Structures are given as structure tokens and as C-alpha cells.
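Engineer: Input target02.cif, format and content: mmCIF, C-alpha atoms.
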data_run
#
loop_
_atom_site.label_atom_id
_atom_site.label_comp_id
_atom_site.auth_asym_id
_atom_site.auth_seq_id
_atom_site.Cartn_x
_atom_site.Cartn_y
_atom_site.Cartn_z
CA MET T 1 -8.24 -1.78 -24.67
CA THR T 2 -10.80 -4.56 -24.42
CA GLU T 3 -12.16 -5.57 -21.02
CA ALA T 4 -10.03 -8.71 -20.97
CA ALA T 5 -6.90 -6.77 -21.88
CA SER T 6 -7.52 -4.24 -19.08
CA LEU T 7 -8.12 -7.07 -16.63
CA ARG T 8 -4.87 -8.74 -17.67
CA ALA T 9 -2.96 -5.46 -17.40
CA GLY T 10 -4.36 -5.08 -13.89
CA VAL T 11 -3.13 -8.50 -12.84
CA LEU T 12 0.32 -7.99 -14.42
CA ALA T 13 0.81 -4.63 -12.68
CA MET T 14 0.30 -6.40 -9.36
CA LEU T 15 2.86 -9.19 -9.94
CA PRO T 16 5.81 -7.79 -7.97
CA LEU T 17 3.59 -6.90 -5.02
CA MET T 18 2.06 -10.40 -5.11
CA LEU T 19 5.58 -11.76 -4.56
CA GLY T 20 6.03 -9.25 -1.77
CA VAL T 21 2.94 -10.23 0.24
CA LEU T 22 3.55 -13.96 -0.17
CA PRO T 23 5.82 -14.30 2.89
CA PHE T 24 3.45 -12.22 5.03
CA GLY T 25 0.45 -14.38 4.07
CA LEU T 26 2.41 -17.55 4.84
CA ILE T 27 3.50 -16.24 8.24
CA PHE T 28 -0.03 -15.05 9.02
CA GLY T 29 -1.44 -18.53 8.27
CA THR T 30 1.14 -20.18 10.49
CA LEU T 31 0.65 -17.72 13.34
CA ALA T 32 -3.15 -17.96 13.14
CA ILE T 33 -2.99 -21.65 13.98
CA SER T 34 -0.37 -21.25 16.71
CA SER T 35 -2.45 -18.41 18.24
CA GLY T 36 -5.37 -20.79 18.66
CA LEU T 37 -7.58 -19.97 15.67
CA THR T 38 -9.16 -22.86 13.77
CA PRO T 39 -8.10 -23.21 10.12
CA TRP T 40 -11.52 -21.83 9.06
CA GLN T 41 -11.16 -18.83 11.35
CA GLY T 42 -7.69 -18.12 9.97
CA MET T 43 -8.99 -18.25 6.40
CA GLY T 44 -12.08 -16.27 7.45
CA MET T 45 -9.97 -13.45 8.81
CA SER T 46 -7.96 -13.17 5.58
CA ALA T 47 -11.15 -13.41 3.48
CA LEU T 48 -13.28 -10.92 5.47
CA VAL T 49 -10.78 -8.42 6.89
CA PHE T 50 -8.15 -8.46 4.10
CA ALA T 51 -5.76 -6.08 5.90
CA GLY T 52 -2.36 -7.55 6.75
CA SER T 53 -1.14 -5.35 9.59
CA ALA T 54 -4.53 -5.31 11.37
CA GLN T 55 -4.71 -9.11 11.12
CA PHE T 56 -1.24 -9.59 12.65
CA ILE T 57 -1.99 -7.24 15.52
CA ALA T 58 -5.36 -8.94 16.11
CA LEU T 59 -3.56 -12.28 16.52
CA SER T 60 -1.18 -10.90 19.12
CA LEU T 61 -4.00 -9.12 20.99
CA LEU T 62 -6.15 -12.28 20.99
CA ALA T 63 -3.21 -14.32 22.28
CA ALA T 64 -2.70 -11.74 25.05
CA GLY T 65 -6.37 -12.02 26.05
CA THR T 66 -7.23 -8.39 25.14
CA SER T 67 -10.93 -7.50 25.37
CA ILE T 68 -12.97 -7.38 22.14
CA PRO T 69 -13.77 -3.62 22.29
CA VAL T 70 -10.06 -2.81 22.61
CA LEU T 71 -9.29 -5.15 19.71
CA LEU T 72 -11.90 -3.46 17.52
CA ALA T 73 -10.74 0.04 18.50
CA THR T 74 -7.19 -0.99 17.58
CA THR T 75 -8.43 -2.24 14.19
CA LEU T 76 -10.09 1.13 13.63
CA VAL T 77 -6.99 3.18 14.43
CA ILE T 78 -4.57 0.95 12.50
CA ASN T 79 -6.76 1.11 9.41
CA LEU T 80 -7.46 4.86 9.60
CA ARG T 81 -5.02 5.43 6.71
CA HIS T 82 -7.56 3.77 4.42
CA VAL T 83 -9.81 6.84 4.81
CA LEU T 84 -7.04 8.83 3.15
CA TYR T 85 -6.90 6.28 0.33
CA SER T 86 -10.67 6.38 -0.06
CA ALA T 87 -10.64 10.18 -0.36
CA THR T 88 -7.78 10.09 -2.88
CA VAL T 89 -9.59 7.87 -5.37
CA GLN T 90 -13.04 9.48 -4.78
CA PRO T 91 -12.98 12.14 -7.54
CA GLY T 92 -11.96 9.57 -10.15
CA VAL T 93 -14.61 6.95 -9.33
CA ALA T 94 -17.55 9.03 -8.03
CA HIS T 95 -19.56 8.41 -11.23
CA TRP T 96 -18.96 4.63 -11.27
CA PRO T 97 -21.95 2.30 -10.79
CA ARG T 98 -22.49 1.38 -7.16
CA ARG T 99 -21.36 -2.26 -7.48
CA TRP T 100 -17.94 -1.17 -8.76
CA ARG T 101 -17.57 1.25 -5.86
CA TRP T 102 -18.45 -1.57 -3.46
CA LEU T 103 -15.77 -3.72 -5.06
CA LEU T 104 -13.18 -0.93 -4.84
CA SER T 105 -14.09 -0.30 -1.19
CA PHE T 106 -13.46 -3.92 -0.30
CA MET T 107 -10.23 -4.21 -2.30
CA LEU T 108 -8.55 -0.93 -1.24
CA THR T 109 -5.39 -2.30 0.43
CA ASP T 110 -2.03 -0.49 0.64
CA GLU T 111 -0.75 -2.43 -2.37
CA LEU T 112 -3.82 -1.86 -4.53
CA PHE T 113 -3.84 1.82 -3.62
CA ALA T 114 -0.19 2.18 -4.69
CA VAL T 115 -0.81 0.77 -8.16
CA PHE T 116 -4.39 1.89 -8.80
CA SER T 117 -4.48 5.47 -7.47
CA VAL T 118 -1.51 6.70 -9.49
CA ARG T 119 -2.93 5.26 -12.70
CA LEU T 120 -6.39 6.64 -11.89
CA GLN T 121 -4.98 10.14 -11.34
CA HIS T 122 -3.30 10.03 -14.76
CA GLU T 123 -5.94 8.30 -16.87
CA GLY T 124 -9.19 9.13 -15.11
CA GLY T 125 -11.97 6.72 -14.18
CA SER T 126 -12.80 5.32 -17.64
CA GLU T 127 -14.67 2.04 -18.07
CA ALA T 128 -11.39 0.27 -18.84
CA MET T 129 -10.12 1.40 -15.42
CA ARG T 130 -12.86 -0.68 -13.76
CA TRP T 131 -11.54 -3.84 -15.35
CA TYR T 132 -7.99 -2.82 -14.52
CA LEU T 133 -9.12 -2.44 -10.90
CA LEU T 134 -10.76 -5.86 -10.97
CA GLY T 135 -7.46 -7.34 -12.20
CA ASN T 136 -5.54 -5.57 -9.41
CA GLY T 137 -8.07 -6.73 -6.82
CA LEU T 138 -8.35 -10.36 -7.89
CA ALA T 139 -4.56 -10.69 -8.06
CA MET T 140 -4.05 -9.31 -4.56
CA TYR T 141 -7.02 -11.04 -2.92
CA GLY T 142 -6.18 -14.37 -4.56
CA THR T 143 -2.55 -14.16 -3.45
CA TRP T 144 -3.50 -13.24 0.11
CA LEU T 145 -5.97 -16.13 0.40
CA LEU T 146 -3.64 -18.71 -1.18
CA ALA T 147 -0.67 -17.60 0.93
CA THR T 148 -2.78 -17.77 4.12
CA LEU T 149 -4.03 -21.22 3.13
CA ALA T 150 -0.49 -22.42 2.45
CA GLY T 151 0.64 -21.10 5.85
CA ILE T 152 -2.25 -22.85 7.61
CA VAL T 153 -1.78 -26.19 5.81
CA LEU T 154 2.00 -26.34 5.83
CA GLY T 155 2.38 -24.82 9.29
CA GLN T 156 5.92 -25.07 10.60
CA GLN T 157 7.09 -26.94 7.50
CA ILE T 158 6.90 -23.82 5.34
CA PRO T 159 10.17 -22.92 3.69
CA ASP T 160 11.93 -20.03 5.40
CA LEU T 161 11.38 -17.24 2.90
CA SER T 162 12.94 -14.59 5.12
CA GLN T 163 16.33 -14.97 3.47
CA TRP T 164 15.01 -14.68 -0.09
CA GLY T 165 14.71 -10.91 -0.09
CA LEU T 166 11.02 -10.98 -1.09
CA GLU T 167 10.23 -8.25 1.45
CA PHE T 168 12.26 -5.94 -0.75
CA ALA T 169 9.62 -6.27 -3.51
CA MET T 170 7.43 -3.75 -1.69
CA VAL T 171 10.24 -1.18 -1.40
CA ALA T 172 11.27 -1.70 -5.05
CA THR T 173 7.71 -1.31 -6.35
CA PHE T 174 6.67 1.63 -4.18
CA ALA T 175 9.98 3.46 -4.81
CA ALA T 176 9.60 2.96 -8.57
CA ILE T 177 6.04 4.34 -8.46
CA VAL T 178 7.17 7.34 -6.39
CA GLY T 179 10.10 7.94 -8.77
CA THR T 180 7.83 8.28 -11.80
CA GLN T 181 5.80 10.94 -9.95
CA LEU T 182 8.70 13.21 -8.96
CA HIS T 183 8.31 15.51 -11.96
CA ASP T 184 7.73 18.82 -10.19
CA ARG T 185 9.12 20.66 -7.18
CA ALA T 186 5.93 20.29 -5.15
CA MET T 187 5.92 16.50 -5.53
CA LEU T 188 9.58 16.35 -4.53
CA ALA T 189 8.83 18.48 -1.46
CA ALA T 190 5.98 16.14 -0.52
CA ALA T 191 8.23 13.09 -0.79
CA LEU T 192 11.11 14.62 1.17
CA ALA T 193 8.86 15.84 3.99
CA ALA T 194 6.96 12.56 4.23
CA GLY T 195 10.18 10.52 4.25
CA ALA T 196 11.86 12.70 6.87
CA ALA T 197 8.77 12.71 9.10
CA ALA T 198 8.39 8.94 8.79
CA LEU T 199 12.01 8.47 9.92
CA LEU T 200 11.65 10.84 12.87
CA LEU T 201 8.31 9.44 14.02
CA ARG T 202 8.96 5.76 13.31
CA GLY T 203 7.83 3.28 15.90
CA MET T 204 4.75 5.18 17.05
CA PRO T 205 1.95 2.78 17.98
CA TYR T 206 -1.00 1.95 15.70
CA LYS T 207 0.76 3.12 12.53
CA LEU T 208 0.06 6.71 13.59
CA ASP T 209 3.55 7.61 12.36
CA LEU T 210 2.47 6.70 8.84
CA ILE T 211 -0.61 8.95 8.91
CA LEU T 212 1.27 11.89 10.44
CA ALA T 213 4.13 11.52 7.95
CA ALA T 214 1.67 11.39 5.04
CA LEU T 215 -0.01 14.57 6.31
CA ALA T 216 3.39 16.29 6.61
CA GLY T 217 4.08 15.34 2.99
CA ILE T 218 0.73 16.67 1.79
CA VAL T 219 1.17 20.00 3.60
CA ALA T 220 4.73 20.37 2.25
CA GLY T 221 3.47 19.64 -1.27
CA LEU T 222 0.71 22.26 -1.02
CA LEU T 223 3.11 24.89 0.39
CA ALA T 224 5.69 24.24 -2.34
CA GLU T 225 2.96 24.41 -4.97
CA ASN T 226 1.72 27.74 -3.58
CA SER T 227 5.18 29.29 -3.57
CA THR T 228 5.76 28.13 -7.17
CA THR T 229 2.39 29.50 -8.31
CA ALA T 230 3.04 32.80 -6.51
CA ARG T 231 6.32 33.24 -8.35
CA VAL T 232 4.75 32.44 -11.73
CA VAL T 233 2.00 34.99 -11.06
CA GLU T 234 4.54 37.64 -9.99
CA ALA T 235 6.60 37.09 -13.12
CA LYS T 236 3.63 37.88 -15.32
CA PRO T 237 3.21 41.59 -16.22
CA MET M 1 -18.67 -18.23 17.99
CA SER M 2 -17.68 -14.90 19.55
CA LEU M 3 -14.41 -15.10 17.64
CA TRP M 4 -16.36 -15.26 14.39
CA LEU M 5 -18.34 -12.19 15.45
CA THR M 6 -15.06 -10.41 16.21
CA ILE M 7 -13.70 -11.30 12.77
CA LEU M 8 -16.92 -10.05 11.15
CA ALA M 9 -16.75 -6.79 13.11
CA MET M 10 -13.08 -6.30 12.13
CA GLY M 11 -14.08 -6.82 8.50
CA ALA M 12 -16.97 -4.36 8.77
CA ILE M 13 -14.77 -1.67 10.38
CA THR M 14 -12.08 -2.08 7.72
CA PHE M 15 -14.67 -1.99 4.94
CA LEU M 16 -16.37 1.15 6.29
CA LEU M 17 -13.04 3.00 6.51
CA ARG M 18 -12.18 2.06 2.92
CA ALA M 19 -15.70 2.91 1.72
CA SER M 20 -15.93 6.22 3.62
CA PHE M 21 -15.38 8.47 0.57
CA VAL M 22 -15.87 5.99 -2.27
CA LEU M 23 -19.41 4.75 -1.52
CA PRO M 24 -21.19 8.15 -1.31
CA GLY M 25 -20.27 8.62 -4.99
CA GLU M 26 -21.42 11.82 -6.69
CA ARG M 27 -23.37 12.99 -3.65
CA LEU M 28 -19.98 13.98 -2.23
CA ARG M 29 -18.27 17.04 -3.76
CA LEU M 30 -14.81 17.64 -2.36
CA PRO M 31 -13.73 21.29 -1.93
CA PRO M 32 -10.98 22.51 -4.34
CA LEU M 33 -8.21 22.78 -1.74
CA PHE M 34 -8.97 19.24 -0.58
CA ARG M 35 -8.77 17.97 -4.17
CA ARG M 36 -5.44 19.70 -4.68
CA ALA M 37 -4.12 18.08 -1.54
CA LEU M 38 -5.15 14.62 -2.76
CA ARG M 39 -2.68 14.81 -5.63
CA PHE M 40 0.12 14.39 -3.07
CA VAL M 41 -1.33 11.45 -1.14
CA PRO M 42 0.14 8.54 -3.15
CA VAL M 43 3.69 9.95 -3.15
CA ALA M 44 3.48 11.00 0.52
CA VAL M 45 2.07 7.68 1.78
CA LEU M 46 4.32 5.44 -0.30
CA THR M 47 7.44 7.40 0.68
CA ALA M 48 6.41 7.28 4.33
CA LEU M 49 6.01 3.50 4.05
CA ILE M 50 9.35 2.71 2.43
CA VAL M 51 11.81 5.20 3.92
CA PRO M 52 11.81 3.63 7.40
CA MET M 53 12.04 0.15 5.84
CA ALA M 54 15.05 1.17 3.76
CA LEU M 55 16.89 3.35 6.27
CA ALA M 56 16.20 1.27 9.36
CA PRO M 57 15.71 -2.28 8.08
CA SER M 58 16.53 -3.81 11.45
CA GLY M 59 15.04 -1.06 13.62
CA THR M 60 18.10 1.14 14.07
CA LEU M 61 19.13 3.81 11.57
CA ASP M 62 21.57 2.58 8.94
CA PHE M 63 22.73 5.37 6.61
CA SER M 64 25.80 3.43 5.44
CA TRP M 65 26.39 2.84 1.74
CA ARG M 66 26.58 -0.90 2.47
CA ASN M 67 22.87 -1.02 3.38
CA PRO M 68 21.26 -3.04 0.52
CA TRP M 69 17.76 -1.67 1.26
CA LEU M 70 19.00 1.91 0.92
CA ALA M 71 20.99 1.18 -2.26
CA GLY M 72 18.01 -0.62 -3.81
CA MET M 73 15.53 2.12 -2.91
CA LEU M 74 17.75 4.90 -4.27
CA ALA M 75 18.26 2.92 -7.50
CA ALA M 76 14.50 2.51 -7.98
CA LEU M 77 13.81 6.20 -7.27
CA LEU M 78 16.54 7.54 -9.55
CA ILE M 79 15.93 5.16 -12.46
CA ALA M 80 12.16 5.67 -12.32
CA CYS M 81 12.56 9.44 -12.12
CA ALA M 82 14.97 9.52 -15.07
CA THR M 83 13.26 7.00 -17.37
CA ARG M 84 9.59 7.06 -16.19
CA ARG M 85 9.64 3.27 -16.66
CA THR M 86 8.35 1.54 -13.54
CA LEU M 87 9.13 -2.03 -14.51
CA LEU M 88 12.71 -1.26 -15.58
CA ALA M 89 13.27 0.64 -12.32
CA MET M 90 11.97 -2.27 -10.24
CA LEU M 91 14.07 -4.89 -12.00
CA LEU M 92 17.28 -2.85 -11.77
CA SER M 93 16.53 -1.99 -8.16
CA PHE M 94 16.19 -5.71 -7.38
CA ALA M 95 19.52 -6.28 -9.13
CA VAL M 96 21.21 -3.57 -7.04
CA TYR M 97 19.66 -4.93 -3.83
CA SER M 98 20.82 -8.50 -4.64
CA LEU M 99 24.32 -7.36 -5.55
CA TRP M 100 24.64 -5.37 -2.30
CA ARG M 101 23.17 -8.14 -0.19
CA TRP M 102 24.75 -11.27 -1.64
CA GLY M 103 27.61 -9.83 -3.71
CA PRO M 104 30.11 -9.42 -0.86
CA GLN M 105 30.30 -13.16 -0.21
CA PHE M 106 31.64 -13.72 -3.73
CA PHE M 107 34.38 -11.08 -3.70
#
Would you mind writing the file's structure down as C-alpha cells?

Structural biologist:
Amino acid sequence: MTEAASLRAGVLAMLPLMLGVLPFGLIFGTLAISSGLTPWQGMGMSALVFAGSAQFIALSLLAAGTSIPVLLATTLVINLRHVLYSATVQPGVAHWPRRWRWLLSFMLTDELFAVFSVRLQHEGGSEAMRWYLLGNGLAMYGTWLLATLAGIVLGQQIPDLSQWGLEFAMVATFAAIVGTQLHDRAMLAAALAAGAAALLLRGMPYKLDLILAALAGIVAGLLAENSTTARVVEAKP
Amino acid sequence: MSLWLTILAMGAITFLLRASFVLPGERLRLPPLFRRALRFVPVAVLTALIVPMALAPSGTLDFSWRNPWLAGMLAALLIACATRRTLLAMLLSFAVYSLWRWGPQFF
């Protein structure tokens, strides 16, 4: 694929998730203004932080008059899951030029991770993958900025998107990606354990339930893989 | 002014977390067990994100077959697993979700 074709493929792969974050960006823009941020500060937060859940929680903490150190500590804990994402893509991109790794580090949101990491694990970190990543990143960043801007400018006049079912886009996309990966017993074990743990632990503060559930899934996957390997080894004479 | 500094610090923290493994590049060699574990991260994280959304869309558990989130998620998982075609699975899953959510008012 040419560079332009990879870039285009990267943008296209992001389309459903762009629809999915649209309502969240709009609501963030609206809330930023009603929480007392200036329009520039609202845009600045989306442009510099680029992490939806941390931004929402920051707004509510600022409105409640929380101290800055507590706010920053909260940002750290809520975004801890990104360390897991960073580790997951590391082997595939370790040889990339530094500027591409800087770009990836800035762009590594939940949505980009979902689309990019699975493709990277299958196809490896070729040069075409860099342009694919750029397409993913530009699509997501552009959508987030435009949606925030629309929320800030339109304020309370924004159409109520909550009845359109756009939030389902995230579930549809992530479930489809997971479905294509369930080709061995170990993967299935990882999914079942992570899903069950997420249900049991749901509602824990700071998204800790997500990290713990992911770890449960990883451990279950490794254990299932070991038991399968053990049986294959035993079966051999 | 201090709000701008706060925003900058939030951005720096988020960036450093995302860069933690990516920026060191080839200087960082991950041990074999760690690498094997990483294979499971996308499936584990994505499942952990969507299962509570689908099974408890309004906060309380809803295992009923009338739950459009649950029906849509199961459709996406099964179709993607059977066909390996992500886009097809997403589109059909949207169709199932819409039918479950808005269908009843037409019948």
C-alpha cells in the first residue's frame, strides 16, 4: 500500500468510533463552559490532555473546588490503563524513528488502542503501519477537537444526541474487534474472565475496576495457554 | 493562569503514562513471559470496557433478552467470531440494537 492509501485506511477504520465519541465531545464542550472554563481553556484541555474520562472528572473536581495536587493524582490513577496500552504496542514499534513514537505516545487513546494494537499484533510494525497510525490519530484527534468546539459554541442549543444510540457505536466496534480475536481457547478464557471481573467490580472509583478486570483476563489467558501447551507436550511421544 | 498550568500538567501526566513503554524504544527488552501476556491485553481490556456497558446500561444488571445493548453486543461478538469480518459484524450489530431498541414501538 502507498503511504496515502495506508493513511486513508487508518481514517476509515476509525469512522464508527468517531461517531461514538461525538456525543461525548459535545457534552464535554458544553460542561466546560458551565463549569467556569473559558472557551480557550475548554479547547486547550481537549487539545493538550486528549483523554475523555480524565477531562470529565477534572471538570467535576474543579467545580467542587478540589485542590490541584488531588486533581493531578486523580488524572494519574484514571489514566494508569494507558501504561498497559503502551506496553502492549511496545514490541511492534520499538524500532520506529523517535518522532513516530512521540506521535503514537500522544495519540494512544482507548479508541486508537482498540483499532491499532490488534492490527499491529497481526501485521507487525511495518512502515505502512506508521501511516495507518497517523490516519487513526488524525481522525480521532480531529473529531475530539471539532466535537469539543461544537459543544462550546453551541452550548445548550446542541441537539440532544442521547436518544440517537450513538453511544452504542463503541460497544459495536469493540465487540466486533474482540470477536475476530476469539480464535483459540486461551483468548476465549481471557475474554470471559475479563468480562466477569468487570461486571463484579463495576463502579470502583478511578476506573480501577477496568485495570483489575484486564489483569484478570490476562492471567486467565496465560493459564489457559499453559494448560493447552502442557497437554500438547504430553500427547507427544 | 493557574488553570492553564493545571491543564498543562494533566496533559504531561497523560502523555508520560502513554509514552512509558513506547518512548524508550529498543533500549527496552521485555521478558518473554511479559510479551506472551501482552497478546491478551486488547481482548481483555476491550471486553472489560463493553461488558458492563452492555449488561448494566443504566447501572443495574439487566440480563433480560429485551436489553438492546446485550443483544447488539452478542450479535457483534458472534458474527465477528464466525466471519472474521469486523465491518459486517458492526453493521449487523447496529441493526440488531436498533431493532431491539426501536422495533417494539412499531409492533

Engineer: List the residues sitting within 12 Å of (9.8, -2.0, -15.6) in the file's frame, using only C-alpha atoms, as a ChimeraX atom specification.

Structural biologist: /T:12-13,15-16,172-173,176-177,180 /M:76,79-80,83-94

Engineer: Would you please work out which residue, of T:Tyr206, T:Phe106, T:Trp164, T:Tyr141, is nearest to chain M when using all atoms listed in the file?

Structural biologist: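 Looking at the shortest contact to chain M, the residue is T:Phe106.
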
Engineer: Just checking: using only C-alpha atoms, which residue out of M:Thr14, M:Ile50, M:Ala19, M:Ala82 ends up closest to T:Gly52?

Structural biologist: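 With only C-alpha atoms as the atom set, the closest residue is M:Thr14.
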
Engineer: Can you give me, as a VMD selection string, the residues this file yields under the PyMOL selection byres ((chain T and resi 29) around 6)?

Structural biologist: chain T and resid 26 to 28 30 to 32 148 151 to 152

Engineer: Considering only C-alpha atoms, can you say which of T:Phe56, T:Phe116, T:Trp102, T:Tyr132 comes closest to M:Phe15?

Structural biologist: T:Trp102

Engineer: In Å, how far is it from atom CA of M:Leu3 to atom CA of T:Gln41?

Structural biologist: 8.0 Å

Engineer: As an NGL selection string, please: the residues near M:Pro42 (cut-off 12 Å, only C-alpha atoms, same-chain neighbours under 6 positions excluded).

Structural biologist: (:T and (81-82 or 84-89 or 110-121 or 174-175 or 177-182 or 187 or 190-191 or 194 or 214-215 or 217-218 or 221)) or (:M and (48-49))

Engineer: As an exercise, work out the distance from atom CA of M:Val51 to atom CA of T:Leu22 in Å and give it to one decimal place.

Structural biologist: 21.3 Å

Engineer: Using the chain letters and numbers from the file, which residues does the PyMOL selection byres ((chain M and resi 63-65) around 12) grab, as a count of residues only?

Structural biologist: 23

Engineer: What lies within 8 Å of T:Gly10 using all atoms listed in the file, ignoring chain neighbours under 3 positions off, as a PyMOL selection string?

Structural biologist: chain T and resi 6-7+13-14+131-136

Engineer: Just the number, please: distance in Å from atom CA of T:Ala224 to atom CA of M:Leu77, one decimal.

Structural biologist: 20.4 Å
